[in-house]
Number of protein chains: 2
Amino acid sequence: MCPKNPLVTVDAVIIFKGKIVLIKRKNPPFQGCFALPGGFVEPGETTEQAVEREVFEETGLEIEIVKLLGVYSDPSRDPRGHTVSIVYMALGKGFPKADSDAQEVKTFDPRDMPEMAFDHNVIIENARSDIHGILSGM
Amino acid sequence: MCPKNPLVTVDAVIIFKGKIVLIKRKNPPFQGCFALPGGFVEPGETTEQAVEREVFEETGLEIEIVKLLGVYSDPSRDPRGHTVSIVYMALGKGFPKADSDAQEVKTFDPRDMPEMAFDHNVIIENARSDIHGILSGM
């Protein structure tokens with residue numbers, strides 16, 4: 001029998017050229033919706049390594065983690081089942097390029113974010129002061 | 001086949017009467033060692049609910065969460081397998097009483113902590129400024 005624990009995911013609020021980086025999801029759930037880059041943590045990697053890997057796979061960007069923003073664990077946040085997401089704020093470097101798991105990579109002004117998948121709009125709302133702090137120091 | 005994700009746990013750095021609350025572990029690994037109260041997150045509960053439940057089960061204390069301290073996910077932190085621990089700082093209320101999962105509940109002066117299980121000494125070291133901040137405001 002499988003352990004019945006929730007699954008661990010990571011997501012990133014990435015600041016890149018003064019904007020926030022989102023991907024358009026290629027797969028269900030929320031197929032075609034914008035979302036923060038992220039995904040499942042694999043065994044043998046830290047959550048920091050997982051978020052760096054997922055962001056690179058989805059956006060082509062390398063990131064420098066700035067801080068841990070929060071942990072989102074509402075059992076209803078993902079329709080596939082209970083996930084616990086560790087969310088980091090990061091600075092993006094390189095050239096954005098949609099890859100295997102994303103239809104599109106797009107940057108948004110933090111004051112004009114689209115409707116997003118999962119609880120990602122809540123994550124952005126809760127990160128407002130951190131986003132503002134980074135942008136005003138640039 | 002079971003998903004190969006790491007398992008999610010929670011741990012608490014609890015301030016109670018100016019000291020830090022530890023339990024003596026009843027079960028392996030680190031049987032008989034002191035440790036921060038905590039345990040596995042169950043499906044259907046948030047990480048905040050999980051840490052409140054685990055602390056109450058192990059120590060008899062109710063807690064008020066003060067802040068998220070960090071996420072510890074080194075794959076070698078638990079000899080049973082890869083766990084990702086979400087660590088909260090909390091204030092304890094009530095009367096400490098060892099319960100089913102703990103041999104003993106004991107409070108320690110933060111300047112004189114014992115050798116602990118897992119990476120719990122590292123967690124306490126990283127939490128020093130937060131612990132000091134709370135204690136100096138009491």
# chains A, B, ... in the order shown; residues from 1 in each chain; ligands from 1
call {"tool": "closest_atom_pairs", "arguments": {"of": "chain B", "to": "chain A", "cutoff": "10 Å", "atoms": "only C-alpha atoms", "output": "CSV"}}
result
residue,atom,partner,partner_atom,distance
B:Met1,CA,A:Cys2,CA,7.7
B:Cys2,CA,A:Cys2,CA,5.2
B:Pro3,CA,A:Cys2,CA,7.7
B:Lys4,CA,A:Pro43,CA,6.3
B:Asn5,CA,A:Glu42,CA,5.5
B:Pro6,CA,A:Pro43,CA,5.4
B:Leu7,CA,A:Asn5,CA,6.3
B:Val8,CA,A:Val8,CA,6.7
B:Thr9,CA,A:Asn5,CA,9.1
B:Phe40,CA,A:Asn5,CA,7.5
B:Val41,CA,A:Asn5,CA,6.3
B:Glu42,CA,A:Asn5,CA,5.5
B:Pro43,CA,A:Pro6,CA,5.4
B:Gly44,CA,A:Pro75,CA,5.1
B:Glu45,CA,A:Pro75,CA,6.3
B:Thr46,CA,A:Ser73,CA,4.9
B:Thr47,CA,A:Ser73,CA,6.1
B:Glu48,CA,A:Ser73,CA,8.4
B:Gln49,CA,A:Ser73,CA,9.8
B:Lys67,CA,A:Gly70,CA,9.8
B:Leu68,CA,A:Gly70,CA,7.3
B:Leu69,CA,A:Leu68,CA,9.2
B:Gly70,CA,A:Leu68,CA,7.3
B:Val71,CA,A:Ile86,CA,7.9
B:Tyr72,CA,A:Thr46,CA,8.0
B:Ser73,CA,A:Thr46,CA,4.9
B:Asp74,CA,A:Thr46,CA,5.3
B:Pro75,CA,A:Gly44,CA,5.1
B:Ser76,CA,A:Gly44,CA,8.2
B:Gly81,CA,A:Pro43,CA,8.8
B:His82,CA,A:Pro43,CA,6.3
B:Thr83,CA,A:Pro43,CA,8.7
B:Val84,CA,A:Thr47,CA,7.9
B:Ile86,CA,A:Val71,CA,7.9
call {"tool": "write_last_selection", "arguments": {"atoms": "N, CA, C and O atoms", "output": "compact mmCIF listing (two decimals), in the first residue's frame"}}
result
# COMPACT_ATOMS: atom_id res chain seq x y z
N MET B 1 2.02 1.20 -8.54
CA MET B 1 3.30 1.69 -8.02
C MET B 1 3.08 2.97 -7.22
O MET B 1 2.28 3.82 -7.60
N CYS B 2 3.79 3.10 -6.16
CA CYS B 2 3.62 4.28 -5.32
C CYS B 2 4.37 5.47 -5.91
O CYS B 2 5.40 5.31 -6.55
N PRO B 3 3.83 6.68 -5.68
CA PRO B 3 4.58 7.85 -6.12
C PRO B 3 5.90 7.91 -5.36
O PRO B 3 5.98 7.49 -4.21
N LYS B 4 6.93 8.42 -6.01
CA LYS B 4 8.26 8.40 -5.39
C LYS B 4 8.63 9.72 -4.75
O LYS B 4 9.80 10.03 -4.59
N ASN B 5 7.63 10.52 -4.46
CA ASN B 5 7.91 11.81 -3.82
C ASN B 5 8.44 11.63 -2.40
O ASN B 5 8.16 10.64 -1.75
N PRO B 6 9.16 12.65 -1.93
CA PRO B 6 9.50 12.65 -0.50
C PRO B 6 8.23 12.78 0.34
O PRO B 6 7.19 13.23 -0.15
N LEU B 7 8.31 12.39 1.61
CA LEU B 7 7.18 12.53 2.52
C LEU B 7 7.27 13.87 3.25
O LEU B 7 8.36 14.35 3.55
N VAL B 8 6.10 14.46 3.51
CA VAL B 8 6.07 15.78 4.16
C VAL B 8 5.89 15.62 5.66
O VAL B 8 4.97 14.93 6.12
N THR B 9 6.74 16.28 6.41
CA THR B 9 6.62 16.29 7.86
C THR B 9 6.55 17.74 8.34
O THR B 9 6.77 18.68 7.58
N PHE B 40 4.49 13.30 10.66
CA PHE B 40 4.03 13.29 9.27
C PHE B 40 2.71 14.04 9.10
O PHE B 40 1.82 13.95 9.94
N VAL B 41 2.62 14.74 7.99
CA VAL B 41 1.36 15.41 7.61
C VAL B 41 0.42 14.36 7.07
O VAL B 41 0.82 13.50 6.27
N GLU B 42 -0.84 14.40 7.50
CA GLU B 42 -1.84 13.45 6.98
C GLU B 42 -2.60 14.09 5.83
O GLU B 42 -2.73 15.31 5.76
N PRO B 43 -3.13 13.25 4.93
CA PRO B 43 -3.89 13.83 3.83
C PRO B 43 -5.13 14.52 4.39
O PRO B 43 -5.73 14.04 5.36
N GLY B 44 -5.48 15.66 3.80
CA GLY B 44 -6.69 16.37 4.23
C GLY B 44 -6.44 17.39 5.32
O GLY B 44 -7.37 18.08 5.74
N GLU B 45 -5.22 17.51 5.80
CA GLU B 45 -4.93 18.56 6.79
C GLU B 45 -3.86 19.49 6.23
O GLU B 45 -2.99 19.06 5.48
N THR B 46 -3.95 20.75 6.63
CA THR B 46 -2.91 21.69 6.23
C THR B 46 -1.67 21.42 7.10
O THR B 46 -1.77 20.74 8.13
N THR B 47 -0.54 21.99 6.70
CA THR B 47 0.67 21.80 7.50
C THR B 47 0.51 22.48 8.87
O THR B 47 1.04 21.99 9.87
N GLU B 48 -0.26 23.56 8.91
CA GLU B 48 -0.50 24.23 10.21
C GLU B 48 -1.34 23.31 11.13
O GLU B 48 -1.05 23.19 12.32
N GLN B 49 -2.37 22.69 10.55
CA GLN B 49 -3.18 21.76 11.35
C GLN B 49 -2.34 20.56 11.78
O GLN B 49 -2.47 20.07 12.91
N LYS B 67 5.32 31.93 13.29
CA LYS B 67 5.82 32.11 11.93
C LYS B 67 6.34 30.81 11.35
O LYS B 67 6.62 29.85 12.08
N LEU B 68 6.47 30.82 10.03
CA LEU B 68 7.16 29.74 9.32
C LEU B 68 8.65 30.00 9.46
O LEU B 68 9.13 31.08 9.09
N LEU B 69 9.39 29.03 9.99
CA LEU B 69 10.83 29.24 10.16
C LEU B 69 11.63 28.81 8.95
O LEU B 69 12.61 29.45 8.58
N GLY B 70 11.22 27.71 8.32
CA GLY B 70 11.99 27.24 7.18
C GLY B 70 11.51 25.88 6.71
O GLY B 70 10.60 25.29 7.29
N VAL B 71 12.14 25.42 5.64
CA VAL B 71 11.84 24.11 5.07
C VAL B 71 13.15 23.35 4.97
O VAL B 71 14.12 23.87 4.41
N TYR B 72 13.20 22.16 5.56
CA TYR B 72 14.42 21.36 5.60
C TYR B 72 14.23 20.10 4.77
O TYR B 72 13.36 19.28 5.08
N SER B 73 15.01 19.95 3.72
CA SER B 73 14.72 18.90 2.74
C SER B 73 15.95 18.14 2.27
O SER B 73 15.89 17.45 1.25
N ASP B 74 17.05 18.23 3.01
CA ASP B 74 18.23 17.43 2.64
C ASP B 74 17.82 15.95 2.61
O ASP B 74 17.29 15.44 3.60
N PRO B 75 18.05 15.26 1.48
CA PRO B 75 17.62 13.87 1.37
C PRO B 75 18.18 12.95 2.45
O PRO B 75 17.61 11.89 2.71
N SER B 76 19.27 13.35 3.10
CA SER B 76 19.86 12.47 4.11
C SER B 76 19.43 12.83 5.53
O SER B 76 19.95 12.28 6.50
N GLY B 81 14.29 7.60 4.96
CA GLY B 81 14.01 7.98 3.57
C GLY B 81 13.87 9.48 3.49
O GLY B 81 13.97 10.19 4.49
N HIS B 82 13.63 9.97 2.28
CA HIS B 82 13.63 11.41 2.05
C HIS B 82 12.35 12.05 2.63
O HIS B 82 11.25 11.73 2.25
N THR B 83 12.56 12.96 3.57
CA THR B 83 11.43 13.74 4.11
C THR B 83 11.72 15.22 3.92
O THR B 83 12.87 15.66 3.91
N VAL B 84 10.65 15.98 3.76
CA VAL B 84 10.73 17.44 3.66
C VAL B 84 9.99 17.98 4.88
O VAL B 84 8.79 17.74 5.03
N ILE B 86 8.51 20.99 7.20
CA ILE B 86 8.09 22.38 7.29
C ILE B 86 8.17 22.73 8.77
O ILE B 86 7.52 22.07 9.59
call {"tool": "select_by_dssp", "arguments": {"residues": "stretch 15-51 of chain B", "states": "helix (DSSP H, G or I)", "output": "list in words"}}
result
Thr47, Glu48, Gln49, Ala50 and Val51 of chain B
call {"tool": "residues_around", "arguments": {"residues": "B:Ile63", "least_positions_apart": "5", "cutoff": "6 Å", "atoms": "only C-alpha atoms", "output": "list in words"}}
result
Ala90, Leu91, Gly92 and Lys93 of chain B
call {"tool": "write_last_selection", "arguments": {"atoms": "N, CA and C atoms", "output": "PDB file, in the first residue's frame"}}
result
ATOM      1  N   ALA B  90       6.384  28.513  17.373  1.00  0.00           N
ATOM      2  CA  ALA B  90       5.077  28.602  18.028  1.00  0.00           C
ATOM      3  C   ALA B  90       5.231  28.906  19.511  1.00  0.00           C
ATOM      4  N   LEU B  91       4.146  29.420  20.090  1.00  0.00           N
ATOM      5  CA  LEU B  91       4.076  29.600  21.534  1.00  0.00           C
ATOM      6  C   LEU B  91       3.222  28.476  22.099  1.00  0.00           C
ATOM      7  N   GLY B  92       3.686  27.845  23.168  1.00  0.00           N
ATOM      8  CA  GLY B  92       2.943  26.743  23.777  1.00  0.00           C
ATOM      9  C   GLY B  92       2.048  27.219  24.906  1.00  0.00           C
ATOM     10  N   LYS B  93       0.889  26.563  25.029  1.00  0.00           N
ATOM     11  CA  LYS B  93      -0.053  26.876  26.111  1.00  0.00           C
ATOM     12  C   LYS B  93      -0.546  25.570  26.714  1.00  0.00           C
TER      13      LYS B  93
END
call {"tool": "residues_around", "arguments": {"residues": "stretch 25-27 of chain A", "least_positions_apart": "3", "cutoff": "6 Å", "atoms": "only C-alpha atoms", "output": "list of chain:residue names"}}
result
A:Gln31, A:Gly32, A:Cys33, A:Asp101, A:Ala102, A:Gln103
call {"tool": "closest_residue", "arguments": {"among": "A:Ala35, A:Met89, A:Ala12, A:Val21", "to": "A:Ile131", "atoms": "only C-alpha atoms"}}
result
A:Met89
call {"tool": "atom_distance", "arguments": {"atom1": "atom CA of A:His132", "atom2": "atom CA of A:Gly18"}}
result
10.0 Å
call {"tool": "atom_distance", "arguments": {"atom1": "atom CA of B:Val51", "atom2": "atom CA of A:Phe118"}}
result
23.5 Å
call {"tool": "select_by_dssp", "arguments": {"residues": "chain B", "states": "strand (DSSP E or B)", "output": "number ranges by chain"}}
result
B: 7-16, 19-25, 34-35, 38-40, 62-72, 83-93, 102-108, 116
call {"tool": "residues_around", "arguments": {"residues": "A:Asp119", "least_positions_apart": "5", "cutoff": "9 Å", "atoms": "only C-alpha atoms", "output": "VMD selection string"}}
result
chain A and resid 72 77 to 78 124
call {"tool": "decode", "arguments": {"residues": "stretch 1-137 of chain B", "atoms": "C-alpha atoms", "output": "compact mmCIF listing (two decimals), in the first residue's frame"}}
result
# COMPACT_ATOMS: atom_id res chain seq x y z
CA MET B 1 3.30 1.69 -8.02
CA CYS B 2 3.62 4.28 -5.32
CA PRO B 3 4.58 7.85 -6.12
CA LYS B 4 8.26 8.40 -5.39
CA ASN B 5 7.91 11.81 -3.82
CA PRO B 6 9.50 12.65 -0.50
CA LEU B 7 7.18 12.53 2.52
CA VAL B 8 6.07 15.78 4.16
CA THR B 9 6.62 16.29 7.86
CA VAL B 10 6.19 19.22 10.25
CA ASP B 11 8.25 20.23 13.27
CA ALA B 12 7.80 22.95 15.86
CA VAL B 13 10.19 25.16 17.79
CA ILE B 14 7.93 25.85 20.75
CA ILE B 15 8.58 28.56 23.31
CA PHE B 16 6.98 27.68 26.64
CA LYS B 17 7.71 29.63 29.82
CA GLY B 18 10.88 31.06 28.30
CA LYS B 19 12.25 27.69 27.26
CA ILE B 20 12.20 25.35 24.23
CA VAL B 21 10.02 22.22 24.39
CA LEU B 22 11.57 18.93 23.31
CA ILE B 23 10.35 15.35 23.44
CA LYS B 24 12.38 12.24 24.05
CA ARG B 25 11.64 9.91 21.12
CA LYS B 26 9.93 6.63 21.99
CA ASN B 27 10.45 5.02 18.57
CA PRO B 28 13.30 4.60 16.07
CA PRO B 29 15.04 6.31 14.41
CA PHE B 30 16.92 8.21 17.12
CA GLN B 31 15.02 6.27 19.82
CA GLY B 32 15.69 7.85 23.22
CA CYS B 33 17.05 11.07 21.67
CA PHE B 34 15.59 14.49 22.25
CA ALA B 35 13.84 16.06 19.26
CA LEU B 36 11.55 18.88 18.29
CA PRO B 37 7.90 17.78 18.47
CA GLY B 38 6.51 16.95 15.02
CA GLY B 39 5.57 14.21 12.60
CA PHE B 40 4.03 13.29 9.27
CA VAL B 41 1.36 15.41 7.61
CA GLU B 42 -1.84 13.45 6.98
CA PRO B 43 -3.89 13.83 3.83
CA GLY B 44 -6.69 16.37 4.23
CA GLU B 45 -4.93 18.56 6.79
CA THR B 46 -2.91 21.69 6.23
CA THR B 47 0.67 21.80 7.50
CA GLU B 48 -0.50 24.23 10.21
CA GLN B 49 -3.18 21.76 11.35
CA ALA B 50 -0.63 18.93 11.21
CA VAL B 51 1.85 20.69 13.47
CA GLU B 52 -0.90 21.61 15.96
CA ARG B 53 -2.11 17.99 16.02
CA GLU B 54 1.36 16.45 16.33
CA VAL B 55 2.44 18.82 19.09
CA PHE B 56 -0.73 18.14 21.06
CA GLU B 57 -0.38 14.36 20.62
CA GLU B 58 3.24 14.38 21.71
CA THR B 59 3.33 17.05 24.39
CA GLY B 60 -0.25 17.85 25.49
CA LEU B 61 0.41 21.50 24.62
CA GLU B 62 -1.75 23.69 22.45
CA ILE B 63 0.20 26.04 20.23
CA GLU B 64 -0.18 29.39 18.57
CA ILE B 65 1.92 29.50 15.40
CA VAL B 66 4.10 32.61 15.27
CA LYS B 67 5.82 32.11 11.93
CA LEU B 68 7.16 29.74 9.32
CA LEU B 69 10.83 29.24 10.16
CA GLY B 70 11.99 27.24 7.18
CA VAL B 71 11.84 24.11 5.07
CA TYR B 72 14.42 21.36 5.60
CA SER B 73 14.72 18.90 2.74
CA ASP B 74 18.23 17.43 2.64
CA PRO B 75 17.62 13.87 1.37
CA SER B 76 19.86 12.47 4.11
CA ARG B 77 18.12 14.21 7.03
CA ASP B 78 16.03 11.14 7.94
CA PRO B 79 17.52 7.62 7.80
CA ARG B 80 14.07 6.17 6.91
CA GLY B 81 14.01 7.98 3.57
CA HIS B 82 13.63 11.41 2.05
CA THR B 83 11.43 13.74 4.11
CA VAL B 84 10.73 17.44 3.66
CA SER B 85 10.03 19.14 6.97
CA ILE B 86 8.09 22.38 7.29
CA VAL B 87 9.24 24.03 10.50
CA TYR B 88 7.14 26.50 12.48
CA MET B 89 7.89 28.67 15.47
CA ALA B 90 5.08 28.60 18.03
CA LEU B 91 4.08 29.60 21.53
CA GLY B 92 2.94 26.74 23.78
CA LYS B 93 -0.05 26.88 26.11
CA GLY B 94 -1.35 24.37 28.67
CA PHE B 95 0.40 21.68 30.66
CA PRO B 96 3.13 19.54 29.08
CA LYS B 97 2.42 15.82 29.31
CA ALA B 98 4.19 13.05 27.37
CA ASP B 99 1.76 11.05 25.29
CA SER B 100 1.71 8.05 22.94
CA ASP B 101 4.63 9.03 20.70
CA ALA B 102 6.98 10.50 23.32
CA GLN B 103 8.75 9.03 26.33
CA GLU B 104 9.16 12.38 27.99
CA VAL B 105 8.53 16.08 27.45
CA LYS B 106 11.20 18.44 28.73
CA THR B 107 11.96 22.13 28.36
CA PHE B 108 15.46 23.47 27.75
CA ASP B 109 17.12 26.81 28.04
CA PRO B 110 17.82 27.84 24.41
CA ARG B 111 21.46 28.55 25.38
CA ASP B 112 21.86 24.98 26.63
CA MET B 113 20.22 22.60 24.15
CA PRO B 114 21.07 18.88 24.12
CA GLU B 115 22.21 16.80 21.16
CA MET B 116 19.04 16.25 19.12
CA ALA B 117 17.70 13.84 16.49
CA PHE B 118 17.75 14.48 12.72
CA ASP B 119 18.90 18.01 11.77
CA HIS B 120 17.14 19.57 14.75
CA ASN B 121 20.29 21.19 16.17
CA VAL B 122 20.75 22.97 12.82
CA ILE B 123 17.10 24.10 12.93
CA ILE B 124 17.61 25.59 16.39
CA GLU B 125 20.85 27.30 15.30
CA ASN B 126 19.05 28.85 12.31
CA ALA B 127 16.16 29.95 14.56
CA ARG B 128 18.39 31.67 17.14
CA SER B 129 17.51 35.24 16.19
CA ASP B 130 13.78 34.45 16.13
CA ILE B 131 13.97 32.70 19.50
CA HIS B 132 15.91 35.61 20.96
CA GLY B 133 13.40 38.08 19.49
CA ILE B 134 10.46 36.33 21.13
CA LEU B 135 12.17 35.81 24.48
CA SER B 136 13.39 39.40 24.70
CA GLY B 137 9.86 40.65 23.99
